[in-house]
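Novice: Attaching a single structure in structure tokens format; questions to follow.
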Amino acid sequence: MGMDLQVDLRNKVAVLTGGAGVLCAGMAEALAGSGAKVAVLDLREEAAEKVAQEIRATRGLAIGVGVDVLSKQSLESARSRILLELGTVDILINGAGGNMPQATTSPERSFFDLTAEDIRKVLELNFMGTVLATQVFGEVMVKKNKGVIINISSMAAYTPLTRTIAYSAAKAAVSNVTQWLAVHFNQEYSKEIRVNAIAPGFLITDQNRYLLMDDATGEATPRGQAVLAATPMGKYGRMEDLLGAVLFLCSEASSFVNGAIIPLDGAFSAYSGV
Ligand code: NAD
């Protein structure tokens, strides 16, 4: 992993939705590396089990669970299994999310061509998936009066990115609900539950590679060039660049950090372009 952060998460149980994805699989490994028992939840059950298997082979206890974050029933049956096999839930990372080409404008797909169904899918996955998983696993935290929840926002939440209409709105909603949940949990249920978000800058992954890099040549697309020009550090982020903040938010080092949205973006969000 190329980093050696001293965060002690022994005896903690971490649940990650979208845990088979690029970012959350890396986070799951980092959390396990700090001693946490890990539940890797993903719609792609086999991929989730593969991530868990890798962790069991190298780091410690992990289970893979097939889950649809848009189904409360599916989340509840995952919770039953986690409580049975891992005992509790201390940390929830709401990582299931992302964009879809069908909900993105392009020369071939104008704003007027976008279907309600495709726009709704992206809004629901990012926003509703975060809210429902927080209901299901937050309940366990409320009972024990302790917990850490981390949502995943995006640069698209601060100022919308061109083309990604639904994703930008969805991530703005994720940032907004992060603040709402932090306040609500403290006011109504527990002063010991913290809800924060990370807002990663631009990383190259499967969901955005087609926008940032030319498939054939591997060269930056004009959009990719624009991203790099707008990132004062002049490079894309790597999954590893997110792990320090995630471990920080999971640990007591961040005991007074609540309702925060932390940009991990090489100063993209700080730069006006002038
Ligand atoms: P990814 O596509 O690799 O991972 C997302 C995972 O979510 C996949 O494994 C997918 O199977 C799973 N998933 C999809 N629908 C689901 C559902 N209904 N129920 C359960 N799981 C479901 O994406 P990633 O790049 O690792 O992104 C993880 C999060 O980080 C997303 O919220 C994404 O929007 C956000 N993010 C990514 C970037 C980036 O540059 N990659 C930047 C900012 C934010």
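Numbering starts fresh at 1 for the residues of each chain in the structure tokens, the chains themselves are lettered A, B, ... in the order given, and ligands are numbered from 1 as they appear.
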Within 7 Å of ligand 1, which residues show up when you count only C-alpha atoms and all ligand atoms? List them as a PDB file with all heavy atoms, in the first residue's frame, please.

Specialist:
ATOM      1  N   THR A  17     -19.880  -0.321   1.748  1.00  0.00           N
ATOM      2  CA  THR A  17     -20.715  -0.609   0.586  1.00  0.00           C
ATOM      3  C   THR A  17     -19.919  -0.231  -0.663  1.00  0.00           C
ATOM      4  O   THR A  17     -19.050   0.644  -0.609  1.00  0.00           O
ATOM      5  CB  THR A  17     -22.054   0.158   0.611  1.00  0.00           C
ATOM      6  OG1 THR A  17     -21.801   1.544   0.327  1.00  0.00           O
ATOM      7  CG2 THR A  17     -22.774   0.018   1.947  1.00  0.00           C
ATOM      8  N   GLY A  18     -20.202  -0.900  -1.758  1.00  0.00           N
ATOM      9  CA  GLY A  18     -19.365  -0.695  -2.939  1.00  0.00           C
ATOM     10  C   GLY A  18     -17.960  -1.203  -2.673  1.00  0.00           C
ATOM     11  O   GLY A  18     -16.984  -0.772  -3.289  1.00  0.00           O
ATOM     12  N   GLY A  19     -17.867  -2.157  -1.740  1.00  0.00           N
ATOM     13  CA  GLY A  19     -16.567  -2.606  -1.241  1.00  0.00           C
ATOM     14  C   GLY A  19     -15.725  -3.360  -2.250  1.00  0.00           C
ATOM     15  O   GLY A  19     -14.528  -3.553  -2.047  1.00  0.00           O
ATOM     16  N   ALA A  20     -16.337  -3.769  -3.357  1.00  0.00           N
ATOM     17  CA  ALA A  20     -15.558  -4.433  -4.396  1.00  0.00           C
ATOM     18  C   ALA A  20     -15.036  -3.438  -5.426  1.00  0.00           C
ATOM     19  O   ALA A  20     -14.305  -3.796  -6.340  1.00  0.00           O
ATOM     20  CB  ALA A  20     -16.400  -5.499  -5.088  1.00  0.00           C
ATOM     21  N   GLY A  21     -15.419  -2.170  -5.289  1.00  0.00           N
ATOM     22  CA  GLY A  21     -14.976  -1.142  -6.232  1.00  0.00           C
ATOM     23  C   GLY A  21     -13.526  -0.767  -5.996  1.00  0.00           C
ATOM     24  O   GLY A  21     -12.924  -1.146  -4.990  1.00  0.00           O
ATOM     25  N   VAL A  22     -12.988  -0.013  -6.929  1.00  0.00           N
ATOM     26  CA  VAL A  22     -11.571   0.343  -6.879  1.00  0.00           C
ATOM     27  C   VAL A  22     -11.223   1.045  -5.565  1.00  0.00           C
ATOM     28  O   VAL A  22     -10.281   0.663  -4.867  1.00  0.00           O
ATOM     29  CB  VAL A  22     -11.225   1.325  -8.026  1.00  0.00           C
ATOM     30  CG1 VAL A  22      -9.732   1.583  -8.078  1.00  0.00           C
ATOM     31  CG2 VAL A  22     -11.741   0.817  -9.347  1.00  0.00           C
ATOM     32  N   LEU A  23     -11.992   2.069  -5.232  1.00  0.00           N
ATOM     33  CA  LEU A  23     -11.623   2.874  -4.065  1.00  0.00           C
ATOM     34  C   LEU A  23     -11.895   2.122  -2.773  1.00  0.00           C
ATOM     35  O   LEU A  23     -11.060   2.096  -1.866  1.00  0.00           O
ATOM     36  CB  LEU A  23     -12.389   4.208  -4.067  1.00  0.00           C
ATOM     37  CG  LEU A  23     -12.175   5.107  -5.288  1.00  0.00           C
ATOM     38  CD1 LEU A  23     -12.802   6.474  -5.050  1.00  0.00           C
ATOM     39  CD2 LEU A  23     -10.705   5.254  -5.619  1.00  0.00           C
ATOM     40  N   CYS A  24     -13.076   1.501  -2.680  1.00  0.00           N
ATOM     41  CA  CYS A  24     -13.435   0.895  -1.395  1.00  0.00           C
ATOM     42  C   CYS A  24     -12.709  -0.414  -1.129  1.00  0.00           C
ATOM     43  O   CYS A  24     -12.490  -0.764   0.034  1.00  0.00           O
ATOM     44  CB  CYS A  24     -14.939   0.744  -1.282  1.00  0.00           C
ATOM     45  SG  CYS A  24     -15.681   2.342  -0.914  1.00  0.00           S
ATOM     46  N   LEU A  41     -19.300  -5.177   1.232  1.00  0.00           N
ATOM     47  CA  LEU A  41     -20.643  -5.309   0.659  1.00  0.00           C
ATOM     48  C   LEU A  41     -20.651  -4.789  -0.766  1.00  0.00           C
ATOM     49  O   LEU A  41     -20.167  -3.669  -1.023  1.00  0.00           O
ATOM     50  CB  LEU A  41     -21.646  -4.489   1.488  1.00  0.00           C
ATOM     51  CG  LEU A  41     -22.262  -5.119   2.735  1.00  0.00           C
ATOM     52  CD1 LEU A  41     -21.225  -5.752   3.624  1.00  0.00           C
ATOM     53  CD2 LEU A  41     -23.079  -4.093   3.500  1.00  0.00           C
ATOM     54  N   ASP A  42     -21.204  -5.552  -1.682  1.00  0.00           N
ATOM     55  CA  ASP A  42     -21.271  -5.068  -3.063  1.00  0.00           C
ATOM     56  C   ASP A  42     -22.366  -5.806  -3.806  1.00  0.00           C
ATOM     57  O   ASP A  42     -22.685  -6.956  -3.494  1.00  0.00           O
ATOM     58  CB  ASP A  42     -19.917  -5.266  -3.779  1.00  0.00           C
ATOM     59  CG  ASP A  42     -19.731  -4.312  -4.950  1.00  0.00           C
ATOM     60  OD1 ASP A  42     -20.363  -4.534  -6.008  1.00  0.00           O
ATOM     61  OD2 ASP A  42     -18.973  -3.322  -4.802  1.00  0.00           O
ATOM     62  N   LEU A  43     -22.929  -5.128  -4.789  1.00  0.00           N
ATOM     63  CA  LEU A  43     -23.897  -5.755  -5.684  1.00  0.00           C
ATOM     64  C   LEU A  43     -23.253  -6.959  -6.371  1.00  0.00           C
ATOM     65  O   LEU A  43     -23.903  -7.961  -6.616  1.00  0.00           O
ATOM     66  CB  LEU A  43     -24.329  -4.713  -6.722  1.00  0.00           C
ATOM     67  CG  LEU A  43     -25.577  -4.951  -7.547  1.00  0.00           C
ATOM     68  CD1 LEU A  43     -26.799  -5.182  -6.666  1.00  0.00           C
ATOM     69  CD2 LEU A  43     -25.842  -3.749  -8.458  1.00  0.00           C
ATOM     70  N   ARG A  44     -21.976  -6.837  -6.668  1.00  0.00           N
ATOM     71  CA  ARG A  44     -21.240  -7.941  -7.303  1.00  0.00           C
ATOM     72  C   ARG A  44     -20.694  -8.835  -6.187  1.00  0.00           C
ATOM     73  O   ARG A  44     -19.602  -8.615  -5.668  1.00  0.00           O
ATOM     74  CB  ARG A  44     -20.118  -7.381  -8.181  1.00  0.00           C
ATOM     75  CG  ARG A  44     -20.647  -6.518  -9.336  1.00  0.00           C
ATOM     76  CD  ARG A  44     -19.527  -5.932 -10.178  1.00  0.00           C
ATOM     77  NE  ARG A  44     -18.699  -5.016  -9.430  1.00  0.00           N
ATOM     78  CZ  ARG A  44     -17.370  -5.091  -9.350  1.00  0.00           C
ATOM     79  NH1 ARG A  44     -16.725  -6.054  -9.981  1.00  0.00           N
ATOM     80  NH2 ARG A  44     -16.684  -4.218  -8.632  1.00  0.00           N
ATOM     81  N   VAL A  67     -24.983  -7.357  -1.744  1.00  0.00           N
ATOM     82  CA  VAL A  67     -25.976  -6.397  -1.225  1.00  0.00           C
ATOM     83  C   VAL A  67     -26.367  -5.418  -2.322  1.00  0.00           C
ATOM     84  O   VAL A  67     -25.517  -4.966  -3.087  1.00  0.00           O
ATOM     85  CB  VAL A  67     -25.364  -5.576  -0.057  1.00  0.00           C
ATOM     86  CG1 VAL A  67     -26.186  -4.331   0.220  1.00  0.00           C
ATOM     87  CG2 VAL A  67     -25.276  -6.412   1.198  1.00  0.00           C
ATOM     88  N   ASP A  68     -27.647  -5.082  -2.356  1.00  0.00           N
ATOM     89  CA  ASP A  68     -28.106  -3.966  -3.174  1.00  0.00           C
ATOM     90  C   ASP A  68     -28.440  -2.817  -2.223  1.00  0.00           C
ATOM     91  O   ASP A  68     -29.398  -2.915  -1.456  1.00  0.00           O
ATOM     92  CB  ASP A  68     -29.343  -4.373  -3.981  1.00  0.00           C
ATOM     93  CG  ASP A  68     -29.860  -3.232  -4.846  1.00  0.00           C
ATOM     94  OD1 ASP A  68     -29.288  -2.119  -4.798  1.00  0.00           O
ATOM     95  OD2 ASP A  68     -30.854  -3.446  -5.561  1.00  0.00           O
ATOM     96  N   VAL A  69     -27.664  -1.734  -2.292  1.00  0.00           N
ATOM     97  CA  VAL A  69     -27.877  -0.622  -1.347  1.00  0.00           C
ATOM     98  C   VAL A  69     -29.206   0.101  -1.588  1.00  0.00           C
ATOM     99  O   VAL A  69     -29.599   0.947  -0.796  1.00  0.00           O
ATOM    100  CB  VAL A  69     -26.737   0.430  -1.360  1.00  0.00           C
ATOM    101  CG1 VAL A  69     -25.450  -0.145  -0.795  1.00  0.00           C
ATOM    102  CG2 VAL A  69     -26.523   1.013  -2.750  1.00  0.00           C
ATOM    103  N   LEU A  70     -29.872  -0.234  -2.683  1.00  0.00           N
ATOM    104  CA  LEU A  70     -31.180   0.396  -2.924  1.00  0.00           C
ATOM    105  C   LEU A  70     -32.322  -0.433  -2.346  1.00  0.00           C
ATOM    106  O   LEU A  70     -33.482  -0.070  -2.476  1.00  0.00           O
ATOM    107  CB  LEU A  70     -31.382   0.623  -4.427  1.00  0.00           C
ATOM    108  CG  LEU A  70     -30.346   1.586  -5.008  1.00  0.00           C
ATOM    109  CD1 LEU A  70     -30.540   1.759  -6.506  1.00  0.00           C
ATOM    110  CD2 LEU A  70     -30.422   2.941  -4.314  1.00  0.00           C
ATOM    111  N   GLY A  95     -19.681   3.619   0.127  1.00  0.00           N
ATOM    112  CA  GLY A  95     -18.894   3.758  -1.097  1.00  0.00           C
ATOM    113  C   GLY A  95     -19.624   3.400  -2.379  1.00  0.00           C
ATOM    114  O   GLY A  95     -19.155   3.717  -3.467  1.00  0.00           O
ATOM    115  N   ALA A  96     -20.771   2.739  -2.265  1.00  0.00           N
ATOM    116  CA  ALA A  96     -21.503   2.384  -3.492  1.00  0.00           C
ATOM    117  C   ALA A  96     -21.958   3.679  -4.146  1.00  0.00           C
ATOM    118  O   ALA A  96     -22.605   4.516  -3.514  1.00  0.00           O
ATOM    119  CB  ALA A  96     -22.693   1.492  -3.167  1.00  0.00           C
ATOM    120  N   GLY A  97     -21.623   3.858  -5.379  1.00  0.00           N
ATOM    121  CA  GLY A  97     -21.968   5.102  -6.062  1.00  0.00           C
ATOM    122  C   GLY A  97     -21.268   5.160  -7.394  1.00  0.00           C
ATOM    123  O   GLY A  97     -20.554   4.233  -7.761  1.00  0.00           O
ATOM    124  N   GLY A  98     -21.503   6.256  -8.103  1.00  0.00           N
ATOM    125  CA  GLY A  98     -20.834   6.419  -9.380  1.00  0.00           C
ATOM    126  C   GLY A  98     -21.750   7.025 -10.414  1.00  0.00           C
ATOM    127  O   GLY A  98     -22.905   7.345 -10.150  1.00  0.00           O
ATOM    128  N   ASN A  99     -21.191   7.181 -11.595  1.00  0.00           N
ATOM    129  CA  ASN A  99     -21.906   7.797 -12.713  1.00  0.00           C
ATOM    130  C   ASN A  99     -22.196   6.747 -13.781  1.00  0.00           C
ATOM    131  O   ASN A  99     -21.663   5.637 -13.715  1.00  0.00           O
ATOM    132  CB  ASN A  99     -21.040   8.918 -13.298  1.00  0.00           C
ATOM    133  CG  ASN A  99     -21.794   9.730 -14.317  1.00  0.00           C
ATOM    134  OD1 ASN A  99     -23.015   9.892 -14.228  1.00  0.00           O
ATOM    135  ND2 ASN A  99     -21.086  10.245 -15.304  1.00  0.00           N
ATOM    136  N   LEU A 125     -28.668   5.796  -6.731  1.00  0.00           N
ATOM    137  CA  LEU A 125     -27.516   5.015  -6.265  1.00  0.00           C
ATOM    138  C   LEU A 125     -26.676   5.837  -5.283  1.00  0.00           C
ATOM    139  O   LEU A 125     -26.336   5.367  -4.199  1.00  0.00           O
ATOM    140  CB  LEU A 125     -26.663   4.553  -7.450  1.00  0.00           C
ATOM    141  CG  LEU A 125     -25.364   3.835  -7.054  1.00  0.00           C
ATOM    142  CD1 LEU A 125     -25.645   2.587  -6.227  1.00  0.00           C
ATOM    143  CD2 LEU A 125     -24.546   3.482  -8.292  1.00  0.00           C
ATOM    144  N   ASN A 126     -26.349   7.070  -5.664  1.00  0.00           N
ATOM    145  CA  ASN A 126     -25.452   7.868  -4.829  1.00  0.00           C
ATOM    146  C   ASN A 126     -26.140   8.391  -3.575  1.00  0.00           C
ATOM    147  O   ASN A 126     -25.580   8.305  -2.479  1.00  0.00           O
ATOM    148  CB  ASN A 126     -24.875   9.031  -5.640  1.00  0.00           C
ATOM    149  CG  ASN A 126     -23.897   8.556  -6.701  1.00  0.00           C
ATOM    150  OD1 ASN A 126     -22.740   8.291  -6.406  1.00  0.00           O
ATOM    151  ND2 ASN A 126     -24.369   8.401  -7.933  1.00  0.00           N
ATOM    152  N   GLY A 129     -28.759   5.286  -1.849  1.00  0.00           N
ATOM    153  CA  GLY A 129     -27.906   4.198  -1.358  1.00  0.00           C
ATOM    154  C   GLY A 129     -27.179   4.597  -0.078  1.00  0.00           C
ATOM    155  O   GLY A 129     -27.013   3.793   0.844  1.00  0.00           O
ATOM    156  N   ILE A 152     -19.047   9.301   0.513  1.00  0.00           N
ATOM    157  CA  ILE A 152     -18.116   9.675  -0.554  1.00  0.00           C
ATOM    158  C   ILE A 152     -18.777  10.681  -1.491  1.00  0.00           C
ATOM    159  O   ILE A 152     -19.691  10.342  -2.238  1.00  0.00           O
ATOM    160  CB  ILE A 152     -17.591   8.445  -1.310  1.00  0.00           C
ATOM    161  CG1 ILE A 152     -17.114   7.418  -0.277  1.00  0.00           C
ATOM    162  CG2 ILE A 152     -16.470   8.875  -2.262  1.00  0.00           C
ATOM    163  CD1 ILE A 152     -16.074   6.474  -0.713  1.00  0.00           C
ATOM    164  N   SER A 153     -18.313  11.906  -1.382  1.00  0.00           N
ATOM    165  CA  SER A 153     -18.787  12.962  -2.259  1.00  0.00           C
ATOM    166  C   SER A 153     -17.830  13.067  -3.448  1.00  0.00           C
ATOM    167  O   SER A 153     -17.182  12.066  -3.805  1.00  0.00           O
ATOM    168  CB  SER A 153     -18.895  14.269  -1.469  1.00  0.00           C
ATOM    169  OG  SER A 153     -19.477  15.258  -2.279  1.00  0.00           O
ATOM    170  N   SER A 154     -17.721  14.231  -4.019  1.00  0.00           N
ATOM    171  CA  SER A 154     -16.926  14.357  -5.248  1.00  0.00           C
ATOM    172  C   SER A 154     -16.674  15.838  -5.511  1.00  0.00           C
ATOM    173  O   SER A 154     -17.373  16.701  -4.971  1.00  0.00           O
ATOM    174  CB  SER A 154     -17.715  13.747  -6.408  1.00  0.00           C
ATOM    175  OG  SER A 154     -17.261  14.235  -7.657  1.00  0.00           O
ATOM    176  N   MET A 155     -15.736  16.133  -6.378  1.00  0.00           N
ATOM    177  CA  MET A 155     -15.544  17.515  -6.823  1.00  0.00           C
ATOM    178  C   MET A 155     -16.797  18.043  -7.516  1.00  0.00           C
ATOM    179  O   MET A 155     -17.055  19.245  -7.537  1.00  0.00           O
ATOM    180  CB  MET A 155     -14.359  17.599  -7.793  1.00  0.00           C
ATOM    181  CG  MET A 155     -13.016  17.472  -7.114  1.00  0.00           C
ATOM    182  SD  MET A 155     -12.827  18.707  -5.826  1.00  0.00           S
ATOM    183  CE  MET A 155     -12.754  17.694  -4.364  1.00  0.00           C
ATOM    184  N   ALA A 199     -14.227  14.029  -0.284  1.00  0.00           N
ATOM    185  CA  ALA A 199     -14.549  14.414  -1.660  1.00  0.00           C
ATOM    186  C   ALA A 199     -13.284  14.223  -2.489  1.00  0.00           C
ATOM    187  O   ALA A 199     -12.425  15.122  -2.539  1.00  0.00           O
ATOM    188  CB  ALA A 199     -15.029  15.858  -1.711  1.00  0.00           C
ATOM    189  N   PRO A 200     -13.142  13.033  -3.086  1.00  0.00           N
ATOM    190  CA  PRO A 200     -11.925  12.797  -3.881  1.00  0.00           C
ATOM    191  C   PRO A 200     -11.888  13.701  -5.107  1.00  0.00           C
ATOM    192  O   PRO A 200     -12.929  14.028  -5.682  1.00  0.00           O
ATOM    193  CB  PRO A 200     -12.054  11.331  -4.316  1.00  0.00           C
ATOM    194  CG  PRO A 200     -13.081  10.724  -3.419  1.00  0.00           C
ATOM    195  CD  PRO A 200     -14.008  11.848  -3.054  1.00  0.00           C
ATOM    196  N   GLY A 201     -10.698  14.086  -5.473  1.00  0.00           N
ATOM    197  CA  GLY A 201     -10.504  14.774  -6.739  1.00  0.00           C
ATOM    198  C   GLY A 201     -10.527  13.752  -7.859  1.00  0.00           C
ATOM    199  O   GLY A 201     -11.179  12.727  -7.764  1.00  0.00           O
ATOM    200  N   PHE A 202      -9.772  14.019  -8.901  1.00  0.00           N
ATOM    201  CA  PHE A 202      -9.859  13.164 -10.079  1.00  0.00           C
ATOM    202  C   PHE A 202      -8.901  11.995  -9.990  1.00  0.00           C
ATOM    203  O   PHE A 202      -7.691  12.170  -9.905  1.00  0.00           O
ATOM    204  CB  PHE A 202      -9.610  13.992 -11.333  1.00  0.00           C
ATOM    205  CG  PHE A 202     -10.761  14.909 -11.613  1.00  0.00           C
ATOM    206  CD1 PHE A 202     -10.869  16.120 -10.951  1.00  0.00           C
ATOM    207  CD2 PHE A 202     -11.763  14.538 -12.492  1.00  0.00           C
ATOM    208  CE1 PHE A 202     -11.953  16.962 -11.167  1.00  0.00           C
ATOM    209  CE2 PHE A 202     -12.847  15.369 -12.716  1.00  0.00           C
ATOM    210  CZ  PHE A 202     -12.941  16.583 -12.056  1.00  0.00           C
ATOM    211  N   LEU A 203      -9.488  10.823  -9.978  1.00  0.00           N
ATOM    212  CA  LEU A 203      -8.722   9.590 -10.052  1.00  0.00           C
ATOM    213  C   LEU A 203      -9.158   8.900 -11.332  1.00  0.00           C
ATOM    214  O   LEU A 203     -10.320   9.017 -11.725  1.00  0.00           O
ATOM    215  CB  LEU A 203      -9.049   8.668  -8.872  1.00  0.00           C
ATOM    216  CG  LEU A 203      -8.547   9.073  -7.488  1.00  0.00           C
ATOM    217  CD1 LEU A 203      -9.487  10.058  -6.826  1.00  0.00           C
ATOM    218  CD2 LEU A 203      -8.420   7.836  -6.616  1.00  0.00           C
ATOM    219  N   ILE A 204      -8.258   8.184 -11.968  1.00  0.00           N
ATOM    220  CA  ILE A 204      -8.675   7.432 -13.159  1.00  0.00           C
ATOM    221  C   ILE A 204      -9.186   6.070 -12.711  1.00  0.00           C
ATOM    222  O   ILE A 204      -8.461   5.302 -12.081  1.00  0.00           O
ATOM    223  CB  ILE A 204      -7.495   7.253 -14.130  1.00  0.00           C
ATOM    224  CG1 ILE A 204      -6.978   8.613 -14.564  1.00  0.00           C
ATOM    225  CG2 ILE A 204      -7.911   6.375 -15.305  1.00  0.00           C
ATOM    226  CD1 ILE A 204      -7.153   8.965 -15.989  1.00  0.00           C
ATOM    227  N   THR A 205     -10.443   5.805 -12.986  1.00  0.00           N
ATOM    228  CA  THR A 205     -11.014   4.483 -12.691  1.00  0.00           C
ATOM    229  C   THR A 205     -11.904   4.092 -13.867  1.00  0.00           C
ATOM    230  O   THR A 205     -12.073   4.867 -14.804  1.00  0.00           O
ATOM    231  CB  THR A 205     -11.853   4.497 -11.397  1.00  0.00           C
ATOM    232  OG1 THR A 205     -12.875   5.477 -11.533  1.00  0.00           O
ATOM    233  CG2 THR A 205     -11.003   4.820 -10.172  1.00  0.00           C
ATOM    234  N   ASP A 206     -12.501   2.910 -13.763  1.00  0.00           N
ATOM    235  CA  ASP A 206     -13.304   2.423 -14.892  1.00  0.00           C
ATOM    236  C   ASP A 206     -14.478   3.340 -15.232  1.00  0.00           C
ATOM    237  O   ASP A 206     -14.882   3.446 -16.373  1.00  0.00           O
ATOM    238  CB  ASP A 206     -13.830   1.008 -14.603  1.00  0.00           C
ATOM    239  CG  ASP A 206     -12.699  -0.003 -14.656  1.00  0.00           C
ATOM    240  OD1 ASP A 206     -11.641   0.335 -15.246  1.00  0.00           O
ATOM    241  OD2 ASP A 206     -12.861  -1.103 -14.102  1.00  0.00           O
ATOM    242  N   GLN A 207     -15.037   3.998 -14.183  1.00  0.00           N
ATOM    243  CA  GLN A 207     -16.238   4.782 -14.469  1.00  0.00           C
ATOM    244  C   GLN A 207     -15.947   6.117 -15.159  1.00  0.00           C
ATOM    245  O   GLN A 207     -16.838   6.726 -15.719  1.00  0.00           O
ATOM    246  CB  GLN A 207     -17.078   4.996 -13.203  1.00  0.00           C
ATOM    247  CG  GLN A 207     -16.351   5.700 -12.078  1.00  0.00           C
ATOM    248  CD  GLN A 207     -17.308   6.171 -10.977  1.00  0.00           C
ATOM    249  OE1 GLN A 207     -18.009   7.144 -11.162  1.00  0.00           O
ATOM    250  NE2 GLN A 207     -17.334   5.455  -9.870  1.00  0.00           N
ATOM    251  N   ASN A 208     -14.705   6.592 -15.121  1.00  0.00           N
ATOM    252  CA  ASN A 208     -14.456   7.883 -15.776  1.00  0.00           C
ATOM    253  C   ASN A 208     -13.332   7.840 -16.812  1.00  0.00           C
ATOM    254  O   ASN A 208     -13.066   8.836 -17.467  1.00  0.00           O
ATOM    255  CB  ASN A 208     -14.173   8.963 -14.721  1.00  0.00           C
ATOM    256  CG  ASN A 208     -12.897   8.683 -13.928  1.00  0.00           C
ATOM    257  OD1 ASN A 208     -12.081   7.862 -14.315  1.00  0.00           O
ATOM    258  ND2 ASN A 208     -12.730   9.361 -12.819  1.00  0.00           N
TER     259      ASN A 208
END

Novice: Can you pull out every residue from stretch 107-265 of chain A that DSSP, working from the backbone, puts in alpha helix (DSSP H), and format the result as a count of residues only?

Specialist: 71

Novice: With distances taken over only C-alpha atoms, which residue among A:Leu243, A:Leu211, A:Ile119, A:Ala47 lies nearest A:Ala28?

Specialist: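 Checking each candidate against A:Ala28, we get A:Leu243 as the closest.
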
Novice: Tell me which of A:Gln53, A:Thr134, A:Asn11, A:Thr231 sits closest to A:Val148, counting only C-alpha atoms.

Specialist: A:Thr134

Novice: Give me the residues within 10 Å of A:Ser77 as an MDAnalysis selection string, counting only C-alpha atoms and dropping any in the same chain fewer than 5 places off.

Specialist: chainID A and resid 65:67 72 82:83 136

Novice: Could the residues in this selection be saved with C-alpha atoms as a PDB file, in the first residue's frame?

Specialist:
ATOM      1  CA  VAL A  65     -21.636 -10.015   1.199  1.00  0.00           C
ATOM      2  CA  GLY A  66     -23.863  -9.513  -1.853  1.00  0.00           C
ATOM      3  CA  VAL A  67     -25.976  -6.397  -1.225  1.00  0.00           C
ATOM      4  CA  LYS A  72     -33.534  -1.998   2.609  1.00  0.00           C
ATOM      5  CA  ILE A  82     -22.511  -9.111   9.959  1.00  0.00           C
ATOM      6  CA  LEU A  83     -23.861  -9.066  13.516  1.00  0.00           C
ATOM      7  CA  VAL A 136     -29.649   0.148   8.506  1.00  0.00           C
TER       8      VAL A 136
END

Novice: Using only C-alpha atoms, which residue out of A:Asp214, A:Pro232, A:Ile63, A:Gly147 lies closest to A:Leu86?

Specialist: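 Using only C-alpha atoms, the shortest distance to A:Leu86 belongs to A:Ile63.
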
Novice: Taking 2 positions as the minimum chain separation for residues in the same chain, which residues sit within 12 Å of A:Ala172 when counting only C-alpha atoms? Answer as a ChimeraX atom specification.

Specialist: /A:123,126-127,151-161,165-170,174-179,197,199,261

Novice: Could you save those same residues with C-alpha atoms as a short mmCIF file (atom, residue, chain, number, x, y, z; two decimals), in the first residue's frame?

Specialist:
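Below you can see again_1.cif, which holds the result:
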data_model
loop_
_atom_site.label_atom_id
_atom_site.label_comp_id
_atom_site.auth_asym_id
_atom_site.auth_seq_id
_atom_site.Cartn_x
_atom_site.Cartn_y
_atom_site.Cartn_z
CA LEU A 123 -29.45 10.06 -8.18
CA ASN A 126 -25.45 7.87 -4.83
CA PHE A 127 -28.02 9.54 -2.59
CA ASN A 151 -19.77 9.19 2.81
CA ILE A 152 -18.12 9.68 -0.55
CA SER A 153 -18.79 12.96 -2.26
CA SER A 154 -16.93 14.36 -5.25
CA MET A 155 -15.54 17.51 -6.82
CA ALA A 156 -18.81 17.52 -8.78
CA ALA A 157 -20.60 18.45 -5.55
CA TYR A 158 -18.90 21.85 -5.10
CA THR A 159 -19.51 23.29 -8.54
CA PRO A 160 -21.16 20.96 -11.06
CA LEU A 161 -18.90 19.39 -13.65
CA ILE A 165 -25.77 16.33 -14.75
CA ALA A 166 -27.15 13.61 -12.51
CA TYR A 167 -23.86 12.72 -10.84
CA SER A 168 -23.14 16.35 -9.93
CA ALA A 169 -26.59 16.80 -8.39
CA ALA A 170 -26.37 13.44 -6.64
CA VAL A 174 -24.47 13.44 -0.61
CA SER A 175 -22.48 16.40 0.78
CA ASN A 176 -25.67 18.04 1.98
CA VAL A 177 -27.00 14.92 3.67
CA THR A 178 -23.62 14.34 5.31
CA GLN A 179 -24.07 17.61 7.20
CA ALA A 197 -17.46 12.76 3.86
CA ALA A 199 -14.55 14.41 -1.66
CA ILE A 261 -16.53 17.26 3.79
#

Novice: Have a look at A:Pro101, A:Gly60, A:Gly138, A:Gly87 and name the one nearest to A:Val122; count only C-alpha atoms.

Specialist: A:Pro101

Novice: As a list in words, please: every residue in stretch 124-158 of chain A that DSSP puts in strand (DSSP E or B).

Specialist: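 Written out, the strand (DSSP E or B) residues of stretch 124-158 of chain A are Gly147, Val148, Ile149, Ile150, Asn151 and Ile152 of chain A.
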
Novice: What does the distance from atom CA of A:Gly26 to atom CA of A:Ile55 come to in Å, to one decimal?

Specialist: 10.3 Å

Novice: Check the smallest atom-to-atom distance from each of A:Arg79, A:Lys37, A:Lys146, A:Arg163 to A:Arg223 using only C-alpha atoms, then report the winner.

Specialist: A:Arg163

Novice: Find the residue from A:Leu212, A:Leu264, A:Met128, A:Ala253 that sits nearest to A:Gly237; use only C-alpha atoms when measuring.

Specialist: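 Of A:Leu212, A:Leu264, A:Met128, A:Ala253, the one nearest A:Gly237, counting only C-alpha atoms, is A:Leu264.
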